[in-house]
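As stored in coords35.txt (compact mmCIF, C-alpha atoms):
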# COMPACT_ATOMS: atom_id res chain seq x y z
CA MET D 1 -91.86 -21.10 -13.88
CA GLU D 2 -88.55 -20.29 -12.20
CA ASN D 3 -85.74 -22.77 -12.74
CA TYR D 4 -84.53 -23.79 -9.27
CA LYS D 5 -82.02 -26.52 -8.40
CA VAL D 6 -80.78 -27.58 -4.98
CA ILE D 7 -77.41 -29.33 -4.70
CA LEU D 8 -76.86 -31.59 -1.69
CA CYS D 9 -73.16 -31.64 -0.83
CA GLY D 10 -71.26 -34.32 1.04
CA LYS D 11 -68.47 -31.83 1.80
CA LEU D 12 -68.22 -28.27 0.54
CA TYR D 13 -65.18 -26.14 -0.17
CA ASP D 14 -66.74 -22.78 -0.95
CA GLY D 15 -63.57 -21.06 -2.22
CA LEU D 16 -63.92 -18.36 0.43
CA SER D 17 -62.66 -20.11 3.58
CA ASP D 18 -60.07 -22.84 4.09
CA VAL D 19 -62.39 -25.48 5.52
CA LEU D 20 -64.53 -28.34 4.29
CA GLN D 21 -68.09 -27.88 5.48
CA GLU D 22 -70.29 -30.93 6.05
CA GLN D 23 -73.80 -31.52 4.69
CA MET D 24 -74.30 -28.14 3.07
CA GLU D 25 -76.89 -27.28 0.42
CA ILE D 26 -76.66 -24.89 -2.54
CA LEU D 27 -79.76 -23.28 -4.06
CA VAL D 28 -79.35 -22.31 -7.70
CA LYS D 29 -81.78 -20.15 -9.69
CA GLY D 30 -81.03 -20.02 -13.40
CA ASN D 31 -77.31 -19.33 -13.69
CA GLN D 32 -76.79 -17.90 -10.21
CA ILE D 33 -76.30 -19.18 -6.68
CA ILE D 34 -79.08 -17.86 -4.42
CA GLU D 35 -78.44 -19.46 -1.03
CA VAL D 36 -75.86 -21.67 0.70
CA ASP D 37 -76.75 -23.20 4.06
CA LYS D 38 -77.44 -26.42 5.94
CA ASN D 39 -81.08 -26.37 4.88
CA VAL D 40 -81.84 -23.91 2.07
CA ALA D 41 -85.30 -22.86 0.92
CA LYS D 42 -86.78 -25.17 -1.72
CA PRO D 43 -89.44 -23.43 -3.80
CA ALA D 44 -92.07 -25.58 -5.45
CA GLY D 45 -90.67 -27.49 -8.40
CA THR D 46 -87.06 -27.33 -7.24
CA GLU D 47 -84.90 -30.05 -8.82
CA THR D 48 -82.72 -31.96 -6.35
CA ILE D 49 -79.16 -32.91 -7.35
CA ASP D 50 -77.71 -35.36 -4.85
CA LEU D 51 -73.94 -34.95 -4.54
CA SER D 52 -73.85 -36.18 -0.95
CA HIS D 53 -71.15 -38.68 -1.97
CA LEU D 54 -68.87 -35.95 -3.37
CA THR D 55 -66.74 -33.02 -2.25
CA VAL D 56 -68.18 -29.96 -3.97
CA THR D 57 -66.06 -26.96 -5.00
CA PRO D 58 -66.49 -23.88 -7.14
CA GLY D 59 -65.78 -24.57 -10.78
CA LEU D 60 -61.99 -24.47 -10.91
CA ILE D 61 -59.92 -21.94 -12.87
CA ASP D 62 -56.69 -22.46 -14.83
CA ALA D 63 -54.93 -19.09 -15.11
CA HIS D 64 -52.25 -20.07 -17.65
CA VAL D 65 -53.31 -22.04 -20.73
CA HIS D 66 -52.37 -22.20 -24.39
CA TYR D 67 -55.40 -23.78 -26.02
CA GLY D 68 -54.35 -23.26 -29.65
CA THR D 69 -52.65 -26.68 -29.83
CA GLY D 70 -54.52 -29.80 -30.90
CA ASN D 71 -51.79 -32.33 -30.10
CA TRP D 72 -49.06 -31.15 -27.74
CA LYS D 73 -46.72 -33.95 -28.82
CA VAL D 74 -46.39 -32.34 -32.27
CA ARG D 75 -46.82 -28.73 -31.18
CA ARG D 76 -43.81 -27.44 -33.11
CA HIS D 77 -45.17 -29.03 -36.28
CA GLU D 78 -48.58 -27.45 -35.69
CA THR D 79 -47.00 -24.05 -35.03
CA ILE D 80 -45.47 -23.94 -38.50
CA TYR D 81 -47.70 -26.13 -40.63
CA GLU D 82 -51.27 -25.77 -39.33
CA ASN D 83 -53.44 -22.82 -40.33
CA PRO D 84 -55.25 -20.28 -38.11
CA GLN D 85 -58.57 -22.11 -38.51
CA TRP D 86 -57.06 -25.29 -37.07
CA LYS D 87 -55.72 -23.37 -34.09
CA GLY D 88 -59.01 -21.59 -33.45
CA MET D 89 -60.84 -24.92 -33.50
CA ALA D 90 -58.21 -26.27 -31.10
CA VAL D 91 -59.17 -23.52 -28.62
CA LEU D 92 -62.79 -24.69 -28.73
CA TYR D 93 -61.72 -28.34 -28.39
CA ASN D 94 -59.51 -27.72 -25.36
CA ALA D 95 -62.08 -25.43 -23.69
CA ARG D 96 -64.70 -28.18 -23.93
CA LYS D 97 -62.35 -30.85 -22.59
CA ALA D 98 -61.33 -28.58 -19.69
CA LEU D 99 -64.96 -27.92 -18.78
CA ARG D 100 -65.66 -31.64 -18.65
CA ARG D 101 -62.77 -32.01 -16.21
CA GLY D 102 -64.22 -29.52 -13.73
CA PHE D 103 -62.34 -26.40 -14.86
CA THR D 104 -65.08 -23.93 -15.74
CA ALA D 105 -62.83 -20.94 -16.55
CA ALA D 106 -59.39 -20.38 -18.02
CA ARG D 107 -57.05 -17.55 -18.94
CA HIS D 108 -55.62 -18.08 -22.43
CA VAL D 109 -52.26 -16.29 -22.21
CA GLY D 110 -51.61 -15.81 -25.90
CA SER D 111 -50.93 -17.60 -29.14
CA ASN D 112 -48.38 -17.31 -31.89
CA CYS D 113 -49.15 -14.34 -34.09
CA ASP D 114 -49.92 -16.57 -37.08
CA ASP D 115 -52.86 -18.06 -35.15
CA GLY D 116 -55.21 -15.24 -36.15
CA PHE D 117 -57.76 -14.19 -33.54
CA GLY D 118 -59.16 -17.69 -32.99
CA SER D 119 -59.09 -17.42 -29.21
CA VAL D 120 -61.24 -14.27 -29.31
CA VAL D 121 -63.73 -15.93 -31.64
CA ALA D 122 -63.80 -19.09 -29.50
CA LYS D 123 -64.50 -17.02 -26.38
CA ARG D 124 -67.40 -15.24 -28.11
CA MET D 125 -68.91 -18.44 -29.48
CA ILE D 126 -68.77 -20.11 -26.05
CA ASP D 127 -70.27 -17.04 -24.37
CA GLU D 128 -73.07 -16.93 -26.94
CA GLY D 129 -73.86 -20.63 -26.57
CA TYR D 130 -72.74 -21.95 -29.95
CA PHE D 131 -70.21 -24.32 -28.33
CA GLU D 132 -69.80 -25.74 -24.85
CA GLY D 133 -66.59 -24.82 -23.09
CA CYS D 134 -65.09 -23.15 -20.07
CA ARG D 135 -65.25 -19.37 -19.71
CA LEU D 136 -62.27 -17.73 -21.41
CA LYS D 137 -60.28 -14.60 -20.76
CA VAL D 138 -57.88 -14.14 -23.65
CA ALA D 139 -54.74 -12.40 -24.81
CA PRO D 140 -54.94 -13.06 -28.57
CA HIS D 141 -51.20 -12.97 -29.37
CA TYR D 142 -47.88 -12.95 -27.62
CA VAL D 143 -46.29 -9.50 -27.59
CA SER D 144 -42.65 -10.22 -28.24
CA THR D 145 -39.39 -8.90 -29.63
CA THR D 146 -37.67 -10.54 -32.58
CA ARG D 147 -35.86 -13.81 -31.70
CA SER D 148 -37.32 -13.98 -28.20
CA HIS D 149 -39.41 -16.78 -26.75
CA GLY D 150 -42.60 -15.72 -28.51
CA ASP D 151 -41.04 -15.56 -31.97
CA ALA D 152 -42.09 -18.89 -33.48
CA SER D 153 -40.24 -18.12 -36.71
CA GLN D 154 -37.04 -19.11 -34.90
CA LEU D 155 -38.24 -22.71 -35.13
CA ILE D 156 -37.32 -22.55 -38.80
CA ALA D 157 -34.36 -20.16 -38.56
CA THR D 158 -32.17 -22.66 -40.41
CA ASN D 159 -34.02 -21.48 -43.51
CA PRO D 160 -33.82 -17.67 -43.22
CA LYS D 161 -35.93 -16.97 -46.30
CA VAL D 162 -38.86 -19.00 -44.98
CA SER D 163 -38.33 -17.72 -41.44
CA GLU D 164 -38.40 -14.11 -42.64
CA PHE D 165 -41.51 -14.79 -44.71
CA ILE D 166 -43.31 -16.13 -41.63
CA TRP D 167 -42.02 -13.36 -39.35
CA GLN D 168 -43.14 -10.47 -41.55
CA ASP D 169 -46.79 -11.41 -41.05
CA TYR D 170 -46.59 -11.47 -37.23
CA PRO D 171 -48.65 -8.57 -35.83
CA GLY D 172 -47.18 -8.70 -32.31
CA TYR D 173 -43.44 -8.91 -32.93
CA GLY D 174 -40.78 -6.35 -33.73
CA CYS D 175 -38.93 -3.56 -31.97
CA GLY D 176 -39.36 0.02 -30.83
CA ALA D 177 -41.62 1.76 -28.33
CA ASP D 178 -43.94 3.16 -31.01
CA MET D 179 -44.36 -0.22 -32.65
CA PHE D 180 -45.30 -1.90 -29.36
CA ARG D 181 -47.63 0.95 -28.44
CA ASP D 182 -49.56 0.28 -31.63
CA VAL D 183 -49.47 -3.50 -31.08
CA VAL D 184 -51.20 -3.09 -27.71
CA ARG D 185 -53.84 -0.82 -29.19
CA ARG D 186 -54.56 -3.35 -31.93
CA GLN D 187 -54.73 -6.24 -29.48
CA VAL D 188 -57.32 -4.39 -27.40
CA LYS D 189 -59.18 -3.27 -30.54
CA TYR D 190 -59.68 -6.88 -31.61
CA GLY D 191 -60.74 -8.26 -28.23
CA ALA D 192 -57.83 -8.67 -25.79
CA ASP D 193 -58.92 -8.96 -22.16
CA PHE D 194 -55.29 -8.41 -21.09
CA VAL D 195 -51.82 -8.20 -22.64
CA LYS D 196 -49.13 -10.87 -22.40
CA ILE D 197 -45.47 -10.09 -23.07
CA PHE D 198 -42.36 -12.23 -23.35
CA ALA D 199 -39.89 -10.06 -21.44
CA THR D 200 -37.31 -12.83 -21.38
CA GLY D 201 -36.33 -15.94 -23.29
CA GLY D 202 -37.51 -19.38 -22.31
CA PHE D 203 -36.71 -23.05 -21.91
CA SER D 204 -38.55 -24.61 -24.84
CA THR D 205 -37.44 -22.39 -27.73
CA PRO D 206 -34.10 -23.05 -29.50
CA GLU D 207 -32.58 -19.57 -29.84
CA ASP D 208 -33.03 -17.92 -26.43
CA GLY D 209 -32.70 -18.58 -22.72
CA PRO D 210 -34.43 -17.78 -19.41
CA GLU D 211 -31.86 -15.13 -18.43
CA ASP D 212 -32.17 -13.14 -21.68
CA ILE D 213 -33.74 -9.69 -21.33
CA THR D 214 -35.68 -9.09 -24.53
CA PHE D 215 -37.39 -5.70 -24.11
CA SER D 216 -35.58 -2.38 -23.82
CA ASP D 217 -36.77 -0.11 -21.03
CA ASP D 218 -38.65 2.20 -23.38
CA GLU D 219 -40.35 -0.74 -25.12
CA LEU D 220 -41.41 -2.25 -21.81
CA LYS D 221 -42.75 1.07 -20.54
CA SER D 222 -44.70 1.69 -23.75
CA VAL D 223 -46.50 -1.67 -23.47
CA ILE D 224 -47.42 -1.24 -19.81
CA ASP D 225 -48.46 2.42 -20.05
CA THR D 226 -50.54 1.89 -23.20
CA ALA D 227 -52.33 -1.16 -21.80
CA HIS D 228 -53.12 0.64 -18.57
CA SER D 229 -54.47 3.65 -20.48
CA LEU D 230 -56.89 1.22 -22.17
CA GLY D 231 -57.93 -0.45 -18.91
CA ARG D 232 -56.01 -3.69 -19.47
CA LYS D 233 -53.59 -5.56 -17.24
CA VAL D 234 -50.17 -6.65 -18.47
CA THR D 235 -48.68 -9.97 -17.45
CA SER D 236 -45.15 -11.04 -18.27
CA HIS D 237 -43.38 -14.30 -19.02
CA SER D 238 -40.39 -13.72 -16.70
CA TYR D 239 -37.91 -15.86 -14.81
CA THR D 240 -35.19 -13.98 -12.95
CA PRO D 241 -35.63 -11.75 -9.91
CA GLU D 242 -33.64 -8.94 -11.54
CA LEU D 243 -36.10 -8.67 -14.42
CA ILE D 244 -39.13 -9.03 -12.15
CA ARG D 245 -37.89 -6.18 -9.96
CA LYS D 246 -37.54 -3.91 -13.00
CA GLU D 247 -41.00 -4.83 -14.29
CA ILE D 248 -42.59 -4.07 -10.93
CA GLU D 249 -40.90 -0.65 -10.96
CA PHE D 250 -42.44 -0.06 -14.41
CA GLY D 251 -45.93 -1.04 -13.18
CA ILE D 252 -46.39 -4.64 -14.35
CA ASP D 253 -49.56 -6.31 -13.09
CA GLY D 254 -48.63 -9.99 -13.28
CA ILE D 255 -45.77 -12.46 -13.55
CA GLU D 256 -45.96 -15.86 -15.23
CA HIS D 257 -43.53 -18.61 -14.15
CA GLY D 258 -40.91 -16.72 -12.12
CA SER D 259 -39.22 -20.10 -11.88
CA LEU D 260 -35.79 -18.66 -10.96
CA LEU D 261 -37.25 -16.37 -8.28
CA ASP D 262 -34.79 -16.87 -5.42
CA ASP D 263 -34.52 -13.32 -4.04
CA PRO D 264 -36.42 -12.68 -0.77
CA GLU D 265 -36.46 -8.91 -1.40
CA VAL D 266 -38.15 -9.31 -4.78
CA ILE D 267 -40.64 -11.77 -3.29
CA SER D 268 -41.47 -9.21 -0.59
CA LEU D 269 -41.87 -6.55 -3.27
CA MET D 270 -44.31 -8.76 -5.18
CA ILE D 271 -46.35 -9.24 -2.02
CA GLU D 272 -46.28 -5.52 -1.23
CA LYS D 273 -47.41 -4.56 -4.75
CA ASN D 274 -50.06 -7.31 -4.89
CA ILE D 275 -48.65 -8.72 -8.13
CA ASP D 276 -50.70 -11.43 -9.84
CA TYR D 277 -48.40 -14.45 -9.80
CA VAL D 278 -48.90 -17.76 -11.61
CA PRO D 279 -45.86 -20.04 -11.05
CA THR D 280 -46.79 -22.97 -13.38
CA PHE D 281 -44.78 -25.53 -11.43
CA CYS D 282 -45.43 -28.78 -13.30
CA PRO D 283 -43.48 -28.17 -16.55
CA TYR D 284 -40.20 -28.02 -14.57
CA ASP D 285 -40.74 -31.21 -12.58
CA ASP D 286 -38.62 -33.36 -14.90
CA VAL D 287 -35.39 -31.93 -13.47
CA ILE D 288 -36.60 -31.02 -9.99
CA TYR D 289 -37.76 -34.61 -9.38
CA GLN D 290 -35.31 -36.30 -11.79
CA ASP D 291 -37.83 -37.83 -14.18
CA GLU D 292 -35.47 -38.79 -16.99
CA SER D 293 -38.06 -40.66 -19.05
CA SER D 294 -40.28 -37.58 -19.24
CA LEU D 295 -37.31 -35.28 -19.82
CA LYS D 296 -36.27 -37.30 -22.88
CA THR D 297 -39.62 -36.64 -24.57
CA LYS D 298 -38.72 -32.93 -24.89
CA PRO D 299 -36.68 -31.35 -27.71
CA TYR D 300 -32.91 -31.53 -27.17
CA GLU D 301 -32.34 -27.83 -26.39
CA PHE D 302 -35.28 -27.90 -23.95
CA GLN D 303 -33.66 -30.80 -22.10
CA GLN D 304 -30.29 -29.07 -21.99
CA LYS D 305 -31.65 -25.83 -20.56
CA LEU D 306 -33.65 -27.64 -17.89
CA ILE D 307 -30.52 -29.57 -16.89
CA LYS D 308 -28.41 -26.40 -16.87
CA TYR D 309 -30.82 -24.60 -14.54
CA ALA D 310 -31.88 -27.59 -12.43
CA ASP D 311 -30.28 -26.42 -9.17
CA TRP D 312 -31.56 -22.87 -9.57
CA LEU D 313 -35.07 -24.12 -10.38
CA GLY D 314 -35.09 -26.33 -7.28
CA ARG D 315 -33.77 -23.59 -5.00
CA ALA D 316 -36.29 -21.06 -6.27
CA ARG D 317 -39.22 -23.46 -5.95
CA LYS D 318 -38.45 -24.08 -2.29
CA MET D 319 -38.32 -20.34 -1.66
CA ILE D 320 -41.59 -19.69 -3.52
CA VAL D 321 -43.39 -22.47 -1.66
CA LYS D 322 -42.20 -21.23 1.75
CA SER D 323 -43.08 -17.60 0.98
CA ARG D 324 -46.30 -15.73 1.68
CA LEU D 325 -46.85 -15.16 -2.03
CA GLU D 326 -50.44 -15.54 -3.16
CA LEU D 327 -50.12 -18.23 -5.82
CA GLY D 328 -52.41 -18.49 -8.82
CA TYR D 329 -53.02 -21.96 -10.22
CA GLY D 330 -51.87 -22.29 -13.84
CA THR D 331 -50.57 -25.14 -15.97
CA ASP D 332 -48.81 -23.96 -19.16
CA PHE D 333 -49.23 -27.46 -20.60
CA VAL D 334 -47.65 -27.32 -24.05
CA ALA D 335 -44.84 -29.86 -23.61
CA THR D 336 -45.87 -32.02 -20.66
CA HIS D 337 -49.59 -32.87 -20.78
CA ASN D 338 -52.65 -32.08 -22.85
CA PRO D 339 -53.58 -28.38 -22.46
CA TYR D 340 -56.91 -29.35 -20.86
CA ASP D 341 -55.50 -31.80 -18.28
CA ALA D 342 -55.21 -29.12 -15.60
CA GLY D 343 -55.42 -31.55 -12.67
CA TYR D 344 -51.80 -32.62 -13.10
CA GLU D 345 -50.64 -29.31 -11.67
CA TYR D 346 -52.35 -30.28 -8.39
CA GLN D 347 -50.04 -33.30 -8.15
CA THR D 348 -47.05 -30.98 -8.32
CA TRP D 349 -48.36 -28.53 -5.73
CA LEU D 350 -48.94 -31.30 -3.20
CA LYS D 351 -45.64 -33.01 -4.04
CA SER D 352 -43.89 -29.65 -3.49
CA GLY D 353 -45.28 -29.48 0.05
CA ILE D 354 -48.03 -26.93 -0.61
CA ASP D 355 -51.07 -27.19 1.63
CA PRO D 356 -54.10 -28.47 -0.34
CA PHE D 357 -56.19 -25.49 0.73
CA ARG D 358 -53.54 -23.13 -0.65
CA ALA D 359 -53.73 -24.98 -3.96
CA LEU D 360 -57.54 -24.93 -4.00
CA LYS D 361 -57.46 -21.23 -3.11
CA GLY D 362 -55.12 -20.67 -6.05
CA ALA D 363 -57.55 -22.39 -8.42
CA THR D 364 -60.56 -20.45 -7.10
CA ARG D 365 -60.50 -17.06 -5.39
CA VAL D 366 -56.91 -16.11 -6.30
CA ASN D 367 -57.52 -16.86 -9.95
CA ALA D 368 -60.88 -15.08 -9.90
CA LYS D 369 -58.93 -11.95 -8.94
CA ILE D 370 -56.37 -12.55 -11.67
CA LEU D 371 -59.17 -12.90 -14.25
CA ASN D 372 -60.89 -9.74 -12.94
CA MET D 373 -63.97 -11.80 -12.02
CA GLU D 374 -64.00 -11.54 -8.24
CA GLY D 375 -67.46 -12.04 -6.83
CA LYS D 376 -68.60 -13.83 -9.99
CA ILE D 377 -66.51 -17.04 -10.16
CA GLY D 378 -64.20 -18.90 -7.81
CA GLY D 379 -66.68 -19.04 -4.92
CA ILE D 380 -69.92 -20.64 -3.79
CA ALA D 381 -72.00 -17.91 -2.23
CA PRO D 382 -75.10 -15.87 -3.11
CA GLY D 383 -74.57 -13.80 -6.26
CA PHE D 384 -71.86 -15.96 -7.80
CA TYR D 385 -72.39 -17.72 -11.10
CA ALA D 386 -73.50 -21.33 -10.67
CA ASP D 387 -70.12 -22.76 -11.72
CA ILE D 388 -69.77 -25.86 -9.54
CA SER D 389 -67.66 -29.02 -9.62
CA GLY D 390 -67.79 -32.28 -7.68
CA TRP D 391 -64.99 -34.68 -6.83
CA GLU D 392 -65.11 -38.26 -5.62
CA ARG D 393 -61.52 -38.47 -4.41
CA ASP D 394 -60.18 -36.88 -1.22
CA LEU D 395 -58.96 -33.40 -2.15
CA LEU D 396 -56.82 -33.10 0.97
CA THR D 397 -54.83 -36.31 0.61
CA ASP D 398 -55.06 -37.59 -2.98
CA PRO D 399 -52.76 -35.84 -5.49
CA ASP D 400 -54.84 -37.32 -8.33
CA ALA D 401 -58.08 -35.80 -7.01
CA LEU D 402 -58.39 -33.07 -9.65
CA LEU D 403 -57.79 -35.51 -12.48
CA ASP D 404 -61.06 -37.32 -11.87
CA CYS D 405 -64.04 -34.95 -12.00
CA ALA D 406 -67.40 -36.51 -11.12
CA PHE D 407 -69.75 -33.52 -11.64
CA VAL D 408 -69.60 -30.18 -13.39
CA MET D 409 -72.07 -27.33 -13.76
CA LYS D 410 -71.46 -24.03 -15.53
CA ASP D 411 -74.00 -21.22 -15.52
CA GLY D 412 -76.49 -23.60 -13.89
CA ILE D 413 -76.21 -26.15 -16.72
CA ILE D 414 -74.89 -29.65 -16.02
CA TYR D 415 -72.33 -31.06 -18.47
CA PRO D 416 -70.87 -34.55 -18.96
CA THR D 417 -67.59 -35.23 -17.17
CA GLU D 418 -64.40 -36.91 -18.33
CA SER D 419 -61.55 -38.38 -16.30
CA SER D 420 -57.98 -37.56 -17.24
CA LEU D 421 -56.90 -40.73 -15.44
CA GLN D 422 -59.12 -42.91 -17.62
CA GLU D 423 -57.91 -41.14 -20.75
CA GLN D 424 -54.29 -41.91 -19.88
CA THR D 425 -54.93 -45.63 -19.31
Hey, can you dump this file as structure tokens for me?
Amino acid sequence: MENYKVILCGKLYDGLSDVLQEQMEILVKGNQIIEVDKNVAKPAGTETIDLSHLTVTPGLIDAHVHYGTGNWKVRRHETIYENPQWKGMAVLYNARKALRRGFTAARHVGSNCDDGFGSVVAKRMIDEGYFEGCRLKVAPHYVSTTRSHGDASQLIATNPKVSEFIWQDYPGYGCGADMFRDVVRRQVKYGADFVKIFATGGFSTPEDGPEDITFSDDELKSVIDTAHSLGRKVTSHSYTPELIRKEIEFGIDGIEHGSLLDDPEVISLMIEKNIDYVPTFCPYDDVIYQDESSLKTKPYEFQQKLIKYADWLGRARKMIVKSRLELGYGTDFVATHNPYDAGYEYQTWLKSGIDPFRALKGATRVNAKILNMEGKIGGIAPGFYADISGWERDLLTDPDALLDCAFVMKDGIIYPTESSLQEQT
């Protein structure tokens, strides 16, 4: 007997058009959506799921996660002192928690190189049904030069002997075009869906900064060209417009953060070249919106860099928001919220003056493109996977709406839901 379900929607955002449709129905067969209409066919034995009190959306997608952390409040401790097995289990834990919050897919944009290949294993075990969790696209390790933002051994640089011991076992770090060419090949060999590089320093690490340029031109070109020859995209942790311009010239596919992007010409170039762009707004809110209590929870050097760049961060955000850039929805929650609490980014988008439909588009069809899963996820239409979420709060007016999932289905299977708001109380 065929497994049919019909979902009765109060309101429907289908991920394909910027409207809320009233009183729509979704017919699901197995793990696929078969029909979407006001009154769909209902074969004999069809199970009815009444969500007429909810706003129904595609399962949402977080395009920038680091799931290898169990407790973000002690992330630096975990980075040095926890083993690869712990970090692989953390990926499974966070993927399950994200699913129960209505996010049915995520892009894991790398782990420290001492984490093993836990994210690849977690992805496989979820896909094969051993564990429940959101769909994963993974970059196993950061690809990074020595001392740059991805080099976790700098956290213990005050003890050079220990730092060197840790660094020598990192498979993704070093220098030279040939070395990085081989790193990319190994990443793909062991399961990378894409490649993530740290082309600049960052805010949270102690020994580098967001204006640092960490790759030489020949190193950068070797990563991009090798990945493309193997059919993989390359996305880059980057901040300044000068670096982003260079990366686009070299053929980069995506930019993460871009939080100092205040150059209209570079923004136009990103639009022209159809660059995947995930701005991860929320982690910088402490200085943009002057939240001193939250700022003080961060390591000292993190606080100081955010304060130093506060004006630039604010200026760039305004320019990004007003632009025609296609924005992907991503969180980067490693020092602000739990990695699975993706709904907090929605608060920031709305607070920043972004139209709710633009935010929902970012978390559905834009991110489906970024994950190379267009036509499969991020939409509610015939042929898409039956990844569906339901929300009790008003998505167009309530900034907490995506923190309080009321229904989630992935691959046609219904899972329990959890509220981030209740967890925080």
Close residues, stretch 302-310 of chain D itself excluded, 12 Å, only C-alpha atoms, min 6 positions apart in chain, as a count of residues only: 33
Between atom CA of D:Gly102 and atom CA of D:Cys134, what is the distance, to one decimal in Å?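 Rounded to one decimal, the two atoms are 9.0 Å apart.
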Enumerate, in order of chain and increasing residue number, the residues of stretch 98-117 of chain D with an atom no farther than 10 Å from stretch 367-381 of chain D, each with its shortest atom pair and distance in Å to one decimal, counting only C-alpha atoms, as JSON lines.
{"residue": "D:Thr104", "atom": "CA", "partner": "D:Ile377", "partner_atom": "CA", "distance": 9.0}
{"residue": "D:Ala105", "atom": "CA", "partner": "D:Ile377", "partner_atom": "CA", "distance": 8.3}
{"residue": "D:Ala106", "atom": "CA", "partner": "D:Leu371", "partner_atom": "CA", "distance": 8.4}
{"residue": "D:Arg107", "atom": "CA", "partner": "D:Leu371", "partner_atom": "CA", "distance": 6.9}
Report as a PyMOL selection string all protein, DNA and RNA residues lying within 7 Å of stretch 45-56 of chain D, evaluated on all atoms listed in the file, omitting residues in the same chain fewer than 4 positions from it. chain D and resi 4-13+389-392
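Across D:Pro279, D:Gly314, D:Gly231, D:Gly328, the tightest approach to D:Asp262 is made by D:Gly314 when counting all atoms listed in the file.
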Could you check the closest approach to D:Leu243 for each of D:Thr226, D:Ser216, D:Gln23, D:Thr69 and tell me which residue wins, using only C-alpha atoms?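 Among the listed residues, D:Ser216 lies closest to D:Leu243.
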Gap from atom CA of D:His64 to atom CA of D:Gly330 - Å, one decimal: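 So the two atoms, atom CA of D:His64 and atom CA of D:Gly330, lie 4.4 Å apart.
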Between D:His228, D:Arg358, D:His257, D:His141, which has the minimum distance to D:Gly172 (counting only C-alpha atoms)?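 Under the stated criterion, the closest residue is D:His141.
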For D:Phe180, list every protein, DNA or RNA residue within 7 Å, evaluated using all atoms listed in the file, and leave out those in the same chain fewer than 5 positions away; present the list as a ChimeraX atom specification. /D:219,222-223
Top pick for closest residue to D:Val408, considering D:Gly258, D:Gly116, D:Pro58, D:Pro339 and counting all atoms listed in the file: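 Once distances to D:Val408 are computed over all atoms listed in the file, the minimum belongs to D:Pro58.
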Which one is closest to D:Leu327: D:Pro399, D:Gly254, D:Pro299, D:Gly88? Count all atoms listed in the file. D:Gly254
Grab all the atoms of stretch 182-186 of chain D that the file lists, wrap them in a box along x, y and z, add 4 Å per side, and give me centre plus edge lengths in Å (one decimal) as lines of an AutoDock Vina configuration file.
center_x = -52.0
center_y = -1.6
center_z = -29.8
size_x = 13.1
size_y = 11.8
size_z = 12.2
Give me the residues within 10 Å of D:Ser17 as an MDAnalysis selection string, counting all atoms listed in the file and dropping any in the same chain fewer than 6 places off. chainID D and resid 357 361 365 379
Please indicate the distance in Å from atom CA of D:Asp400 to atom CA of D:Gln347, rounded to one decimal place.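 It comes out at 6.3 Å.
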Counting only C-alpha atoms, figure out which residue out of D:Ile252, D:Leu360, D:Val143, D:Met24 gets nearest to D:Val184.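 Checking each of D:Ile252, D:Leu360, D:Val143, D:Met24 against D:Val184, counting only C-alpha atoms, the winner is D:Val143.
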So which residues are close to (-38.4, -8.6, -3.5), meaning at most 12 Å away in the file's coordinates with all atoms listed in the file counted, and can you show them as a ChimeraX atom specification? /D:240-249,261-275,319-320,323-325
Around (-51.6, -4.6, -14.2), as given in the file, which residues come within 6 Å? Count all atoms listed in the file and list them as a ChimeraX atom specification. /D:233-234,252-253
